[in-house]
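Q: Submitted below is the structure of interest, expressed as structure tokens.
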Amino acid sequence: MTQSPLGNRSLLGRIRLWTTIAGVIAAAIAWPLAGPRLAFGVVVTVLWAVVGFRALEGLVSAALTPPGEPRDGRAILLWAGVKIAVYAVAIWVVFTRPFPPVSYLVGVSLLLIVIVVQGVILAPRRGEQPVRRGNDG
């Protein structure tokens, strides 16, 4: 098995997991304050963001291969199809408005917040040398 071009897959898995957990917590808070429609919209949007993030990860992993290794064209097409389907759902949601727009804002923002928090947690502290992988420097 070759090393993923994305590096540490456990980081990406943690981002997906914590985004989902944060979305459920946000929905639990929103339910009594704003109602079930907003809460359900937050959960659905968080799941949409997590699926889109996973599709992007799969697409990049399939497309970027080490020199000399063949690309798996079927995997690239599969992940591209998933990514297009994720965008098709977004377009449908924009036109049909099944949930309040604030739920979309919260759901998508949670993924970005979790990515930043994970980066801050993993960033080298002042005075520490960053961990080098491969030909990083």
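Chain lettering (A, B, ...) mirrors the order of the structure tokens, residue numbering begins at 1 for each chain separately, and ligand numbering begins at 1 in order of display.
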Would you pick out the contacts of Ala28 (chain A) at 12 Å or less, using only C-alpha atoms, so that residues sharing its chain but fewer than 3 positions from it are not included, and give the list as a PyMOL selection string?

A: chain A and resi 21-25+31-43

Q: If we count only C-alpha atoms, what is near Ala80 (chain A) at a cut-off of 12 Å, once residues fewer than 3 positions away on the same chain are taken out, given as an mmCIF file with C-alpha atoms, in the first residue's frame?

A:
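Saved result, around-v3.cif, follows:
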data_model
loop_
_atom_site.group_PDB
_atom_site.id
_atom_site.type_symbol
_atom_site.label_atom_id
_atom_site.label_comp_id
_atom_site.auth_asym_id
_atom_site.auth_seq_id
_atom_site.Cartn_x
_atom_site.Cartn_y
_atom_site.Cartn_z
ATOM 1 C CA GLY A 52 -18.276 16.774 0.167
ATOM 2 C CA ARG A 54 -14.674 13.092 1.894
ATOM 3 C CA ALA A 55 -15.372 13.235 -1.843
ATOM 4 C CA LEU A 56 -12.669 15.877 -2.262
ATOM 5 C CA GLU A 57 -10.242 13.743 -0.262
ATOM 6 C CA GLY A 58 -11.030 10.697 -2.400
ATOM 7 C CA LEU A 59 -10.719 12.654 -5.633
ATOM 8 C CA VAL A 60 -7.340 14.132 -4.698
ATOM 9 C CA SER A 61 -6.056 10.768 -3.449
ATOM 10 C CA ALA A 62 -7.094 9.066 -6.687
ATOM 11 C CA ALA A 63 -5.728 11.797 -8.959
ATOM 12 C CA GLY A 73 -9.260 6.278 -13.784
ATOM 13 C CA ARG A 74 -12.350 4.535 -12.414
ATOM 14 C CA ALA A 75 -11.700 5.878 -8.924
ATOM 15 C CA ILE A 76 -11.213 9.382 -10.301
ATOM 16 C CA LEU A 77 -14.520 9.140 -12.189
ATOM 17 C CA LYS A 83 -18.517 15.481 -5.878
ATOM 18 C CA ILE A 84 -20.856 16.500 -8.724
ATOM 19 C CA ALA A 85 -23.763 14.828 -6.911
ATOM 20 C CA VAL A 86 -22.901 16.775 -3.744
ATOM 21 C CA TYR A 87 -23.035 20.015 -5.739
#

Q: Do a neighbour search on Val108 (chain A) at 12 Å with only C-alpha atoms, toss out local chain neighbours closer than 5 positions, and write the hits as an MDAnalysis selection string.

A: chainID A and resid 19:20 22:23 41:53 90 101:103 113:115

Q: According to DSSP computed on the backbone, where in region 7-108 of chain A is there helix (DSSP H, G or I)? Give the residues as a PyMOL selection string.

A: chain A and resi 9-34+36-63+73-96+101-108

Q: Residues as selected, C-alpha atoms, written as a compact mmCIF listing (two decimals), in the first residue's frame, can you do that?

A:
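Saved file part18.txt follows:
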# COMPACT_ATOMS: atom_id res chain seq x y z
CA ARG A 9 -5.53 10.24 6.82
CA SER A 10 -6.30 10.09 10.53
CA LEU A 11 -6.29 13.90 10.60
CA LEU A 12 -8.89 14.02 7.84
CA GLY A 13 -10.93 11.36 9.62
CA ARG A 14 -10.81 13.35 12.85
CA ILE A 15 -11.97 16.44 10.98
CA ARG A 16 -14.97 14.55 9.60
CA LEU A 17 -15.76 13.02 13.01
CA TRP A 18 -15.51 16.27 14.98
CA THR A 19 -17.48 18.16 12.37
CA THR A 20 -20.29 15.63 12.68
CA ILE A 21 -20.17 15.79 16.49
CA ALA A 22 -20.17 19.61 16.44
CA GLY A 23 -23.15 19.55 14.06
CA VAL A 24 -25.16 17.27 16.33
CA ILE A 25 -24.34 19.50 19.32
CA ALA A 26 -25.28 22.64 17.38
CA ALA A 27 -28.55 21.02 16.31
CA ALA A 28 -29.31 19.99 19.90
CA ILE A 29 -28.81 23.60 20.98
CA ALA A 30 -30.84 24.97 18.05
CA TRP A 31 -33.80 22.63 18.55
CA PRO A 32 -35.28 24.31 21.65
CA LEU A 33 -34.11 27.80 20.68
CA ALA A 34 -35.13 27.98 17.01
CA PRO A 36 -36.75 21.48 14.72
CA ARG A 37 -36.60 22.74 11.13
CA LEU A 38 -33.44 24.76 11.77
CA ALA A 39 -31.90 21.96 13.84
CA PHE A 40 -32.56 19.36 11.16
CA GLY A 41 -31.17 21.76 8.54
CA VAL A 42 -27.94 22.09 10.54
CA VAL A 43 -27.54 18.30 10.74
CA VAL A 44 -28.29 17.79 7.04
CA THR A 45 -25.91 20.59 6.03
CA VAL A 46 -23.12 19.26 8.25
CA LEU A 47 -23.54 15.81 6.73
CA TRP A 48 -23.51 17.39 3.26
CA ALA A 49 -20.27 19.22 4.11
CA VAL A 50 -18.65 16.06 5.51
CA VAL A 51 -19.62 14.02 2.43
CA GLY A 52 -18.28 16.77 0.17
CA PHE A 53 -15.03 16.89 2.15
CA ARG A 54 -14.67 13.09 1.89
CA ALA A 55 -15.37 13.24 -1.84
CA LEU A 56 -12.67 15.88 -2.26
CA GLU A 57 -10.24 13.74 -0.26
CA GLY A 58 -11.03 10.70 -2.40
CA LEU A 59 -10.72 12.65 -5.63
CA VAL A 60 -7.34 14.13 -4.70
CA SER A 61 -6.06 10.77 -3.45
CA ALA A 62 -7.09 9.07 -6.69
CA ALA A 63 -5.73 11.80 -8.96
CA GLY A 73 -9.26 6.28 -13.78
CA ARG A 74 -12.35 4.53 -12.41
CA ALA A 75 -11.70 5.88 -8.92
CA ILE A 76 -11.21 9.38 -10.30
CA LEU A 77 -14.52 9.14 -12.19
CA LEU A 78 -16.30 7.71 -9.14
CA TRP A 79 -15.10 10.47 -6.79
CA ALA A 80 -15.76 13.16 -9.40
CA GLY A 81 -19.30 11.79 -9.75
CA VAL A 82 -19.79 11.89 -5.99
CA LYS A 83 -18.52 15.48 -5.88
CA ILE A 84 -20.86 16.50 -8.72
CA ALA A 85 -23.76 14.83 -6.91
CA VAL A 86 -22.90 16.77 -3.74
CA TYR A 87 -23.03 20.02 -5.74
CA ALA A 88 -26.30 18.94 -7.39
CA VAL A 89 -27.84 18.52 -3.95
CA ALA A 90 -26.62 22.01 -3.01
CA ILE A 91 -28.21 23.52 -6.12
CA TRP A 92 -31.48 21.70 -5.39
CA VAL A 93 -31.43 23.00 -1.80
CA VAL A 94 -30.81 26.58 -2.93
CA PHE A 95 -33.84 26.50 -5.21
CA THR A 96 -36.25 24.53 -2.99
CA PRO A 101 -30.68 29.67 5.26
CA VAL A 102 -29.03 30.10 8.68
CA SER A 103 -28.83 26.32 8.98
CA TYR A 104 -26.70 26.20 5.81
CA LEU A 105 -24.41 28.87 7.19
CA VAL A 106 -23.94 27.03 10.47
CA GLY A 107 -23.49 23.62 8.87
CA VAL A 108 -20.84 24.65 6.35

Q: Rounded to one decimal in Å, what is the spacing between CA of Leu110 (chain A) and CA of Ala123 (chain A)?

A: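 Between CA of Leu110 (chain A) and CA of Ala123 (chain A) the gap works out to 19.7 Å.
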